[in-house]
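Chemist: Okay, so here is structure.pdb, and as you'll see once you scroll down, it has PDB, C-alpha atoms.
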ATOM      1  CA  MET F   1     109.120   6.789 -68.636
ATOM      2  CA  ASN F   2     108.491   8.631 -65.352
ATOM      3  CA  ILE F   3     105.032   9.351 -63.919
ATOM      4  CA  LEU F   4     104.992  13.010 -65.098
ATOM      5  CA  ASN F   5     105.740  12.019 -68.704
ATOM      6  CA  LYS F   6     102.973   9.410 -68.606
ATOM      7  CA  ILE F   7     100.501  12.050 -67.393
ATOM      8  CA  ILE F   8     101.582  14.526 -70.076
ATOM      9  CA  LYS F   9     101.274  11.889 -72.803
ATOM     10  CA  LYS F  10      97.627  11.283 -71.876
ATOM     11  CA  GLU F  11      96.725  14.978 -71.779
ATOM     12  CA  PRO F  12      95.886  16.932 -74.951
ATOM     13  CA  LYS F  13      98.324  19.796 -75.427
ATOM     14  CA  VAL F  14      97.177  23.322 -74.519
ATOM     15  CA  SER F  15      98.743  26.445 -76.025
ATOM     16  CA  ILE F  16      98.548  29.407 -73.637
ATOM     17  CA  ILE F  17      98.597  32.765 -75.449
ATOM     18  CA  ILE F  18      99.749  35.881 -73.535
ATOM     19  CA  PRO F  19     100.150  39.316 -75.146
ATOM     20  CA  TYR F  20     102.550  41.451 -73.113
ATOM     21  CA  TYR F  21     102.688  45.251 -72.987
ATOM     22  CA  LYS F  22     104.109  47.102 -69.953
ATOM     23  CA  LYS F  23     102.765  44.733 -67.284
ATOM     24  CA  LYS F  24     105.927  44.176 -65.235
ATOM     25  CA  LYS F  25     104.128  45.111 -62.024
ATOM     26  CA  TYR F  26     101.658  42.232 -62.365
ATOM     27  CA  PHE F  27     103.195  39.688 -64.713
ATOM     28  CA  ARG F  28     105.229  37.748 -62.159
ATOM     29  CA  SER F  29     102.107  36.634 -60.283
ATOM     30  CA  THR F  30     100.305  35.870 -63.549
ATOM     31  CA  PHE F  31     103.236  33.784 -64.768
ATOM     32  CA  ARG F  32     103.493  31.860 -61.507
ATOM     33  CA  SER F  33      99.791  31.005 -61.619
ATOM     34  CA  ILE F  34     100.324  29.470 -65.060
ATOM     35  CA  ILE F  35     103.470  27.437 -64.410
ATOM     36  CA  SER F  36     101.901  26.143 -61.174
ATOM     37  CA  GLN F  37      99.075  24.443 -63.044
ATOM     38  CA  SER F  38      98.303  20.848 -62.045
ATOM     39  CA  TYR F  39      97.803  20.195 -65.770
ATOM     40  CA  LYS F  40     101.258  19.730 -67.295
ATOM     41  CA  ASN F  41     100.963  19.310 -71.073
ATOM     42  CA  TYR F  42     101.069  22.926 -72.192
ATOM     43  CA  GLU F  43     103.161  25.451 -74.040
ATOM     44  CA  ILE F  44     103.250  29.164 -73.269
ATOM     45  CA  ILE F  45     103.547  31.721 -76.065
ATOM     46  CA  ILE F  46     104.311  35.255 -74.885
ATOM     47  CA  ILE F  47     103.965  37.955 -77.525
ATOM     48  CA  TYR F  48     106.088  40.949 -76.517
ATOM     49  CA  ASP F  49     104.177  43.865 -78.047
ATOM     50  CA  ASP F  50     106.356  46.819 -77.071
ATOM     51  CA  GLN F  51     109.028  48.521 -79.156
ATOM     52  CA  ASP F  52     110.615  49.575 -75.866
ATOM     53  CA  LEU F  53     112.582  46.424 -74.983
ATOM     54  CA  SER F  54     113.380  47.476 -71.418
ATOM     55  CA  GLU F  55     111.129  44.789 -69.868
ATOM     56  CA  LEU F  56     112.258  41.966 -72.141
ATOM     57  CA  ASN F  57     115.145  40.873 -69.894
ATOM     58  CA  PHE F  58     112.750  40.709 -66.958
ATOM     59  CA  ILE F  59     110.593  38.231 -68.882
ATOM     60  CA  LYS F  60     113.585  36.175 -70.038
ATOM     61  CA  LYS F  61     114.847  35.849 -66.456
ATOM     62  CA  LEU F  62     111.380  34.826 -65.314
ATOM     63  CA  ILE F  63     111.155  32.142 -68.002
ATOM     64  CA  ASN F  64     114.624  30.861 -67.079
ATOM     65  CA  ASN F  65     115.123  28.849 -70.302
ATOM     66  CA  ARG F  66     112.043  26.673 -69.858
ATOM     67  CA  GLU F  67     111.700  24.609 -73.033
ATOM     68  CA  ASN F  68     107.900  24.847 -73.266
ATOM     69  CA  ILE F  69     107.882  28.672 -73.348
ATOM     70  CA  LYS F  70     108.616  30.863 -76.339
ATOM     71  CA  ILE F  71     108.717  34.642 -76.738
ATOM     72  CA  LEU F  72     107.622  36.291 -79.972
ATOM     73  CA  ILE F  73     108.865  39.878 -80.279
ATOM     74  CA  ASN F  74     106.773  42.169 -82.467
ATOM     75  CA  ASN F  75     108.660  44.536 -84.777
ATOM     76  CA  LYS F  76     105.856  47.045 -84.286
ATOM     77  CA  ASN F  77     102.968  47.365 -81.867
ATOM     78  CA  LEU F  78     100.163  45.055 -83.024
ATOM     79  CA  GLY F  79      97.798  45.495 -80.091
ATOM     80  CA  ALA F  80      96.115  42.683 -78.164
ATOM     81  CA  ALA F  81      94.151  41.310 -81.127
ATOM     82  CA  GLY F  82      97.075  41.212 -83.556
ATOM     83  CA  SER F  83      99.389  39.757 -80.899
ATOM     84  CA  ARG F  84      96.952  36.987 -79.977
ATOM     85  CA  ASN F  85      96.466  36.162 -83.655
ATOM     86  CA  LYS F  86     100.234  35.882 -84.074
ATOM     87  CA  GLY F  87     100.425  33.580 -81.059
ATOM     88  CA  ILE F  88      97.632  31.415 -82.432
ATOM     89  CA  LYS F  89      99.511  30.973 -85.722
ATOM     90  CA  TYR F  90     102.601  29.745 -83.873
ATOM     91  CA  SER F  91     100.672  27.469 -81.519
ATOM     92  CA  LYS F  92     100.885  23.663 -81.619
ATOM     93  CA  GLY F  93      98.265  22.693 -79.046
ATOM     94  CA  ASN F  94      94.969  20.865 -79.451
ATOM     95  CA  TYR F  95      93.419  23.616 -77.358
ATOM     96  CA  ILE F  96      94.129  27.349 -77.101
ATOM     97  CA  ALA F  97      93.804  29.143 -73.754
ATOM     98  CA  PHE F  98      93.964  32.920 -73.394
ATOM     99  CA  VAL F  99      95.188  34.937 -70.444
ATOM    100  CA  ASP F 100      95.946  38.621 -70.086
ATOM    101  CA  SER F 101      99.317  39.421 -68.554
ATOM    102  CA  ASP F 102      97.814  40.761 -65.318
ATOM    103  CA  ASP F 103      95.193  38.089 -64.546
ATOM    104  CA  ILE F 104      95.495  35.054 -62.255
ATOM    105  CA  TRP F 105      94.533  31.404 -62.811
ATOM    106  CA  THR F 106      93.670  28.942 -60.050
ATOM    107  CA  LYS F 107      95.936  25.897 -59.826
ATOM    108  CA  ASN F 108      93.421  23.478 -61.397
ATOM    109  CA  LYS F 109      92.154  25.849 -64.079
ATOM    110  CA  LEU F 110      93.352  23.868 -67.081
ATOM    111  CA  LYS F 111      92.752  20.451 -65.556
ATOM    112  CA  ASN F 112      89.145  21.128 -64.579
ATOM    113  CA  GLN F 113      88.162  23.078 -67.680
ATOM    114  CA  ILE F 114      89.700  20.656 -70.197
ATOM    115  CA  SER F 115      87.929  17.803 -68.389
ATOM    116  CA  PHE F 116      84.649  19.751 -68.607
ATOM    117  CA  MET F 117      85.152  20.284 -72.345
ATOM    118  CA  GLN F 118      85.957  16.637 -72.990
ATOM    119  CA  LYS F 119      82.903  15.431 -71.075
ATOM    120  CA  ASN F 120      80.649  17.827 -72.990
ATOM    121  CA  ASN F 121      82.407  17.510 -76.357
ATOM    122  CA  ALA F 122      82.744  21.294 -76.313
ATOM    123  CA  ASP F 123      84.604  23.386 -78.871
ATOM    124  CA  PHE F 124      84.554  26.478 -76.643
ATOM    125  CA  SER F 125      84.239  27.041 -72.918
ATOM    126  CA  PHE F 126      84.479  29.878 -70.422
ATOM    127  CA  SER F 127      84.291  29.904 -66.628
ATOM    128  CA  SER F 128      83.109  32.006 -63.718
ATOM    129  CA  TYR F 129      85.608  34.571 -62.456
ATOM    130  CA  PHE F 130      86.325  37.081 -59.697
ATOM    131  CA  ILE F 131      86.723  40.801 -60.371
ATOM    132  CA  THR F 132      89.544  42.239 -58.262
ATOM    133  CA  ARG F 133      91.443  45.430 -57.596
ATOM    134  CA  SER F 134      95.038  45.648 -58.781
ATOM    135  CA  ASN F 135      96.104  44.229 -55.381
ATOM    136  CA  LEU F 136      93.797  41.209 -55.963
ATOM    137  CA  LYS F 137      91.258  42.289 -53.350
ATOM    138  CA  ILE F 138      87.964  40.898 -54.625
ATOM    139  CA  LEU F 139      85.345  43.427 -55.741
ATOM    140  CA  GLY F 140      82.745  41.109 -57.234
ATOM    141  CA  LEU F 141      82.129  37.965 -59.230
ATOM    142  CA  ILE F 142      80.670  36.888 -62.551
ATOM    143  CA  LYS F 143      78.987  33.489 -62.684
ATOM    144  CA  ALA F 144      79.186  31.657 -65.989
ATOM    145  CA  LYS F 145      75.854  30.880 -67.642
ATOM    146  CA  LYS F 146      75.421  27.326 -68.939
ATOM    147  CA  ILE F 147      75.402  28.602 -72.485
ATOM    148  CA  ILE F 148      75.652  32.009 -74.163
ATOM    149  CA  ASN F 149      74.216  32.539 -77.617
ATOM    150  CA  TYR F 150      74.211  35.254 -80.264
ATOM    151  CA  LYS F 151      71.104  36.929 -78.833
ATOM    152  CA  ASP F 152      72.587  37.055 -75.306
ATOM    153  CA  LEU F 153      75.708  38.781 -76.608
ATOM    154  CA  LYS F 154      73.637  41.543 -78.135
ATOM    155  CA  TYR F 155      72.971  43.014 -74.701
ATOM    156  CA  SER F 156      75.960  42.010 -72.613
ATOM    157  CA  CYS F 157      79.281  40.176 -72.760
ATOM    158  CA  ASP F 158      79.733  37.955 -69.713
ATOM    159  CA  ILE F 159      82.656  35.960 -71.120
ATOM    160  CA  GLY F 160      85.963  36.808 -69.476
ATOM    161  CA  LEU F 161      88.806  36.479 -71.965
ATOM    162  CA  SER F 162      91.219  34.922 -69.458
ATOM    163  CA  THR F 163      88.654  32.187 -68.724
ATOM    164  CA  VAL F 164      88.322  31.038 -72.349
ATOM    165  CA  ILE F 165      89.622  27.769 -73.800
ATOM    166  CA  ILE F 166      88.854  26.878 -77.406
ATOM    167  CA  LYS F 167      89.779  24.029 -79.707
ATOM    168  CA  SER F 168      92.649  24.933 -81.987
ATOM    169  CA  LYS F 169      90.837  23.786 -85.136
ATOM    170  CA  ILE F 170      88.083  26.335 -84.411
ATOM    171  CA  ILE F 171      90.173  29.388 -83.546
ATOM    172  CA  LYS F 172      92.569  28.900 -86.458
ATOM    173  CA  ASN F 173      89.651  29.568 -88.785
ATOM    174  CA  ASN F 174      88.291  32.479 -86.715
ATOM    175  CA  TYR F 175      90.837  35.079 -85.650
ATOM    176  CA  PHE F 176      90.378  38.186 -83.463
ATOM    177  CA  PRO F 177      89.145  41.237 -85.412
ATOM    178  CA  LYS F 178      91.768  43.994 -85.404
ATOM    179  CA  ILE F 179      90.153  46.621 -83.196
ATOM    180  CA  SER F 180      91.801  48.277 -80.177
ATOM    181  CA  THR F 181      89.321  47.106 -77.500
ATOM    182  CA  LYS F 182      86.362  44.703 -77.395
ATOM    183  CA  GLU F 183      88.137  42.459 -79.943
ATOM    184  CA  ASP F 184      87.286  39.413 -77.819
ATOM    185  CA  TYR F 185      83.612  40.432 -77.704
ATOM    186  CA  ALA F 186      83.575  40.722 -81.496
ATOM    187  CA  LEU F 187      85.120  37.263 -81.845
ATOM    188  CA  TRP F 188      82.584  35.678 -79.470
ATOM    189  CA  ILE F 189      79.803  37.195 -81.582
ATOM    190  CA  ASN F 190      81.206  35.630 -84.745
ATOM    191  CA  LEU F 191      81.736  32.263 -83.053
ATOM    192  CA  SER F 192      78.237  32.220 -81.513
ATOM    193  CA  LYS F 193      76.814  31.942 -85.035
ATOM    194  CA  LYS F 194      78.732  28.711 -85.615
ATOM    195  CA  ILE F 195      79.316  26.842 -82.341
ATOM    196  CA  SER F 196      77.991  26.569 -78.780
ATOM    197  CA  LEU F 197      79.663  28.753 -76.153
ATOM    198  CA  LEU F 198      79.486  26.637 -72.992
ATOM    199  CA  GLY F 199      79.875  28.033 -69.489
ATOM    200  CA  TYR F 200      81.606  26.192 -66.632
ATOM    201  CA  ASN F 201      80.380  27.526 -63.294
ATOM    202  CA  LYS F 202      83.626  27.224 -61.368
ATOM    203  CA  PHE F 203      85.661  30.260 -60.291
ATOM    204  CA  LEU F 204      88.953  29.669 -62.079
ATOM    205  CA  VAL F 205      90.247  33.208 -62.725
ATOM    206  CA  LYS F 206      90.884  36.503 -60.955
ATOM    207  CA  TRP F 207      90.464  39.405 -63.365
ATOM    208  CA  ARG F 208      92.386  42.513 -62.340
ATOM    209  CA  LYS F 209      90.603  45.810 -62.830
ATOM    210  CA  THR F 210      93.543  48.174 -63.353
ATOM    211  CA  LYS F 211      93.723  51.887 -64.122
ATOM    212  CA  ASN F 212      94.965  53.228 -67.462
ATOM    213  CA  SER F 213      94.316  49.972 -69.317
ATOM    214  CA  LEU F 214      92.655  49.957 -72.735
ATOM    215  CA  SER F 215      89.626  48.237 -71.231
ATOM    216  CA  SER F 216      89.221  51.126 -68.762
ATOM    217  CA  ASN F 217      89.170  53.802 -71.510
ATOM    218  CA  LEU F 218      85.508  54.817 -71.835
ATOM    219  CA  PHE F 219      85.902  56.641 -75.147
ATOM    220  CA  LEU F 220      87.483  53.589 -76.790
ATOM    221  CA  LYS F 221      84.852  51.330 -75.231
ATOM    222  CA  PHE F 222      81.965  53.304 -76.703
ATOM    223  CA  LYS F 223      83.713  53.771 -80.042
ATOM    224  CA  ASN F 224      84.322  50.053 -80.431
ATOM    225  CA  LEU F 225      80.878  49.136 -79.124
ATOM    226  CA  PHE F 226      79.479  51.299 -81.894
ATOM    227  CA  LEU F 227      81.648  49.494 -84.455
ATOM    228  CA  ILE F 228      80.547  46.136 -83.085
ATOM    229  CA  TYR F 229      76.848  46.954 -83.394
ATOM    230  CA  ARG F 230      77.371  48.383 -86.882
ATOM    231  CA  ASN F 231      79.716  45.740 -88.272
ATOM    232  CA  PHE F 232      78.944  42.550 -86.342
ATOM    233  CA  PHE F 233      75.262  42.943 -85.443
ATOM    234  CA  LYS F 234      74.537  44.851 -88.674
ATOM    235  CA  GLN F 235      72.557  47.635 -86.981
ATOM    236  CA  ASN F 236      72.004  51.081 -88.504
ATOM    237  CA  PHE F 237      73.415  54.232 -86.894
ATOM    238  CA  LEU F 238      70.411  54.972 -84.647
ATOM    239  CA  MET F 239      69.936  51.368 -83.494
ATOM    240  CA  SER F 240      73.654  51.121 -82.730
ATOM    241  CA  ILE F 241      73.350  54.136 -80.418
ATOM    242  CA  ILE F 242      70.265  52.633 -78.767
ATOM    243  CA  PHE F 243      72.007  49.286 -78.222
ATOM    244  CA  ILE F 244      75.031  51.031 -76.699
ATOM    245  CA  PHE F 245      72.649  52.659 -74.204
ATOM    246  CA  ILE F 246      71.018  49.274 -73.431
ATOM    247  CA  TYR F 247      74.436  47.622 -73.114
ATOM    248  CA  SER F 248      75.496  50.344 -70.665
ATOM    249  CA  LEU F 249      72.422  49.748 -68.513
ATOM    250  CA  PHE F 250      73.123  46.014 -68.470
ATOM    251  CA  TYR F 251      76.752  46.765 -67.559
ATOM    252  CA  VAL F 252      75.749  48.890 -64.555
ATOM    253  CA  LYS F 253      73.270  46.222 -63.469
ATOM    254  CA  LYS F 254      75.905  43.503 -63.894
ATOM    255  CA  SER F 255      78.482  45.468 -61.872
ATOM    256  CA  LEU F 256      76.072  45.948 -58.980
ATOM    257  CA  SER F 257      74.924  42.335 -59.181
ATOM    258  CA  SER F 258      78.501  41.011 -59.196
ATOM    259  CA  ARG F 259      79.255  42.893 -55.993
ATOM    260  CA  ILE F 260      76.061  41.717 -54.263
ATOM    261  CA  LYS F 261      76.677  38.087 -55.313
ATOM    262  CA  TYR F 262      80.184  38.221 -53.866
ATOM    263  CA  LEU F 263      78.949  39.670 -50.572
ATOM    264  CA  VAL F 264      76.304  36.920 -50.354
ATOM    265  CA  LYS F 265      78.813  34.199 -51.289
ATOM    266  CA  ARG F 266      81.279  35.461 -48.683
TER     267      ARG F 266
END
Show me, as structure tokens, the structure contained in the file I just sent.
Modeler:
Amino acid sequence: MNILNKIIKKEPKVSIIIPYYKKKKYFRSTFRSIISQSYKNYEIIIIYDDQDLSELNFIKKLINNRENIKILINNKNLGAAGSRNKGIKYSKGNYIAFVDSDDIWTKNKLKNQISFMQKNNADFSFSSYFITRSNLKILGLIKAKKIINYKDLKYSCDIGLSTVIIKSKIIKNNYFPKISTKEDYALWINLSKKISLLGYNKFLVKWRKTKNSLSSNLFLKFKNLFLIYRNFFKQNFLMSIIFIFIYSLFYVKKSLSSRIKYLVKR
């Protein structure tokens, strides 16, 4: 048995879930950041969520027949939540890691975060991350709190999806709600009632802020925030509107703070 196989045998397996929809411009760099990980015992599950198959050959060439990567092709558009849920069902890892198809991981992302989770016996962890332009120029940063609870999530969501790693046994009993945006926020709310959400204050991800993405659509953001306060926080109509206003204020404050923190750090 060679040294690499010995290392892999000792490492718990991580399933990396990536929904893909029209991200050809960014996906190559995302993919490279994943296959360059110092942690080697992983599988990658790409869920191709586009009925237009024109970018499928691009992905297949990028994968180049690697045995630990599989592509699941949706017959119809399921959206990010449905695609991630499908990937979770097909996963075989002890841990599940999420990454959007335009974000970037640092080389030691999996190695450091899995080690952190093992030392703290954590079911769920998230890390600090940089906010960048589409060209990866850094705009700001979000530092991970030591722990985020249900009450914290009521006012702000500081958990970056592409930073999250969760034990498979937990996520396979708690899937993403099927809403068009903020589905990760809704899931964190549900999980915060059951387990600890631990933060790892290391900058392990670059989150691209791109135009025309679902997360940049203000109408959808407010619509789904309203649904979250109504359905997940069980607020009435008026209180849901009030909490959306409070959330928006926290968001503006967080955006300004992230920029200032980056300027200070630099």
Chemist: Quick check, in Å to one decimal: how far apart do CA of Phe124 (chain F) and CA of Leu197 (chain F) lie?
Modeler: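 Pair CA of Phe124 (chain F) / CA of Leu197 (chain F) returns 5.4 Å.
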Chemist: Would you kindly translate the PyMOL selection byres ((chain F and resi 148) around 8) into the concrete residues it picks from this file, as a compact mmCIF listing (two decimals) with C-alpha atoms, keeping the file's coordinate frame?
Modeler:
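Ended up saving to selection.txt:
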# COMPACT_ATOMS: atom_id res chain seq x y z
CA LYS F 145 75.85 30.88 -67.64
CA LYS F 146 75.42 27.33 -68.94
CA ILE F 147 75.40 28.60 -72.48
CA ASN F 149 74.22 32.54 -77.62
CA TYR F 150 74.21 35.25 -80.26
CA ASP F 152 72.59 37.06 -75.31
CA LEU F 153 75.71 38.78 -76.61
CA SER F 192 78.24 32.22 -81.51
CA SER F 196 77.99 26.57 -78.78
CA LEU F 197 79.66 28.75 -76.15
CA LEU F 198 79.49 26.64 -72.99
CA GLY F 199 79.88 28.03 -69.49
Chemist: For the PyMOL selection byres ((chain F and resi 49) around 12), applied here, can you spell out every residue it catches as a PyMOL selection string?
Modeler: chain F and resi 18-23+46-48+50-56+71-84+86-87+101
Chemist: Please write out, as AutoDock Vina command-line options, where the centre of an axis-aligned box around all listed atoms of region 154-168 of chain F lies and how long its edges are, in Å to one decimal, after adding 6 Å on each side.
Modeler:
--center_x 82.8 --center_y 33.5 --center_z -75.4 --size_x 31.7 --size_y 31.0 --size_z 25.3
Chemist: Pick the closest to Leu256 (chain F) from F:Ile69, F:Lys202, F:Leu187, F:Ile142: which is it, counting all atoms listed in the file?
Modeler: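 Closest candidate: F:Ile142.
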Chemist: Which residue gives the smallest distance to Gln113 (chain F) among F:Tyr129, F:Tyr200, F:Trp188, F:Phe98, with all atoms listed in the file counted?
Modeler: F:Tyr200
Chemist: Quote the spacing between CA of Ser33 (chain F) and CA of Asp103 (chain F) in Å to one decimal place.
Modeler: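 Result for CA of Ser33 (chain F) versus CA of Asp103 (chain F): 8.9 Å, one decimal.
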Chemist: Could you check which of F:Thr30, F:Asn173, F:Ser15, F:Asn68 is closest to Asn94 (chain F), using all atoms listed in the file?
Modeler: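 With all atoms listed in the file as the atom set, the closest residue is F:Ser15.
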Chemist: Looking at all atoms listed in the file, which of F:Lys143, F:Lys194, F:Arg259, F:Lys111 is the one that sits closest to Ile165 (chain F)?
Modeler: F:Lys111
Chemist: CA of Tyr175 (chain F) and CA of Lys206 (chain F) are how many Å apart?
Modeler: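 Between CA of Tyr175 (chain F) and CA of Lys206 (chain F) the gap is 24.7 Å.
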Chemist: Could you produce a table of the residues of region 118-204 of chain F lying within 10 Å of region 226-241 of chain F, with the nearest pair of atoms per residue and their separation in Å rounded to one decimal, using all atoms listed in the file, ordered by chain and increasing residue number, as a tab-separated table?
Modeler:
residue	atom	partner	partner_atom	distance
F:Tyr150	CA	F:Phe233	CA	9.3
F:Lys151	CA	F:Phe233	CA	9.9
F:Leu153	CA	F:Phe233	CA	9.8
F:Lys154	CA	F:Phe233	CA	7.6
F:Ile179	CA	F:Leu227	CA	9.1
F:Lys182	CA	F:Ile228	CA	8.3
F:Glu183	CA	F:Ile228	CA	9.0
F:Tyr185	CA	F:Ile228	CA	8.4
F:Ala186	CA	F:Ile228	CA	6.4
F:Leu187	CA	F:Phe232	CA	9.3
F:Ile189	CA	F:Phe232	CA	7.2
F:Asn190	CA	F:Phe232	CA	7.5
Chemist: Extract, using all atoms listed in the file, all DNA, RNA and protein residues at most 9 Å from Ile171 (chain F), discarding same-chain residues fewer than 3 positions from it, and format them as a list in words.
Modeler: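 So the residues in contact are Ile88, Ile96, Ile166, Lys167, Ser168, Asn174, Tyr175, Phe176 and Leu191 of chain F.
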Chemist: Please dump the current selection as a PDB file, in the coordinates of the input; keep C-alpha atoms.
Modeler:
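Writing the result to out_26.pdb gives the following:
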ATOM      1  CA  ILE F  88      97.632  31.415 -82.432  1.00  0.00           C
ATOM      2  CA  ILE F  96      94.129  27.349 -77.101  1.00  0.00           C
ATOM      3  CA  ILE F 166      88.854  26.878 -77.406  1.00  0.00           C
ATOM      4  CA  LYS F 167      89.779  24.029 -79.707  1.00  0.00           C
ATOM      5  CA  SER F 168      92.649  24.933 -81.987  1.00  0.00           C
ATOM      6  CA  ASN F 174      88.291  32.479 -86.715  1.00  0.00           C
ATOM      7  CA  TYR F 175      90.837  35.079 -85.650  1.00  0.00           C
ATOM      8  CA  PHE F 176      90.378  38.186 -83.463  1.00  0.00           C
ATOM      9  CA  LEU F 191      81.736  32.263 -83.053  1.00  0.00           C
TER      10      LEU F 191
END
Chemist: With distances taken over all atoms listed in the file, which residue among F:Asn57, F:Ser38, F:Ser91, F:Asn85 lies nearest Lys109 (chain F)?
Modeler: F:Ser38
Chemist: Which residue out of F:Thr132, F:Asn64, F:Ser255, F:Ser127 has the minimum interatomic distance to Lys209 (chain F) when only C-alpha atoms are used?
Modeler: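 Checking each of F:Thr132, F:Asn64, F:Ser255, F:Ser127 against Lys209 (chain F), counting only C-alpha atoms, the winner is F:Thr132.
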Chemist: Might you spell out which residues the PyMOL selection byres ((chain F and resi 43) around 10) would select in the displayed file, as a ChimeraX atom specification?
Modeler: /F:13-17,35,40-42,44-46,66-70,91-93,96
Chemist: Could you add the missing atoms to region 97-114 of chain F, up to N, CA and C atoms, and return them as a tab-separated table (two decimals), in the frame of the given file?
Modeler:
chain	number	residue	atom	x	y	z
F	97	ALA	N	94.31	28.44	-74.94
F	97	ALA	CA	93.80	29.14	-73.75
F	97	ALA	C	94.37	30.56	-73.77
F	98	PHE	N	93.54	31.51	-73.40
F	98	PHE	CA	93.96	32.92	-73.39
F	98	PHE	C	94.09	33.42	-71.96
F	99	VAL	N	95.08	34.27	-71.74
F	99	VAL	CA	95.19	34.94	-70.44
F	99	VAL	C	95.87	36.28	-70.66
F	100	ASP	N	95.30	37.31	-70.06
F	100	ASP	CA	95.95	38.62	-70.09
F	100	ASP	C	97.09	38.63	-69.09
F	101	SER	N	98.07	39.48	-69.32
F	101	SER	CA	99.32	39.42	-68.55
F	101	SER	C	99.22	40.02	-67.16
F	102	ASP	N	97.99	40.31	-66.70
F	102	ASP	CA	97.81	40.76	-65.32
F	102	ASP	C	96.74	39.97	-64.57
F	103	ASP	N	96.22	38.90	-65.19
F	103	ASP	CA	95.19	38.09	-64.55
F	103	ASP	C	95.80	36.85	-63.89
F	104	ILE	N	95.01	36.18	-63.04
F	104	ILE	CA	95.50	35.05	-62.26
F	104	ILE	C	94.62	33.82	-62.49
F	105	TRP	N	95.24	32.68	-62.70
F	105	TRP	CA	94.53	31.40	-62.81
F	105	TRP	C	94.63	30.63	-61.50
F	106	THR	N	93.59	29.88	-61.16
F	106	THR	CA	93.67	28.94	-60.05
F	106	THR	C	94.50	27.73	-60.50
F	107	LYS	N	95.00	26.99	-59.55
F	107	LYS	CA	95.94	25.90	-59.83
F	107	LYS	C	95.35	24.83	-60.74
F	108	ASN	N	94.05	24.55	-60.62
F	108	ASN	CA	93.42	23.48	-61.40
F	108	ASN	C	92.62	24.01	-62.58
F	109	LYS	N	92.91	25.22	-63.00
F	109	LYS	CA	92.15	25.85	-64.08
F	109	LYS	C	92.13	24.98	-65.34
F	110	LEU	N	93.29	24.65	-65.84
F	110	LEU	CA	93.35	23.87	-67.08
F	110	LEU	C	92.79	22.45	-66.88
F	111	LYS	N	93.18	21.83	-65.81
F	111	LYS	CA	92.75	20.45	-65.56
F	111	LYS	C	91.24	20.33	-65.52
F	112	ASN	N	90.60	21.20	-64.74
F	112	ASN	CA	89.14	21.13	-64.58
F	112	ASN	C	88.40	21.54	-65.85
F	113	GLN	N	88.89	22.57	-66.51
F	113	GLN	CA	88.16	23.08	-67.68
F	113	GLN	C	88.32	22.16	-68.90
F	114	ILE	N	89.51	21.61	-69.09
F	114	ILE	CA	89.70	20.66	-70.20
F	114	ILE	C	88.84	19.42	-69.96
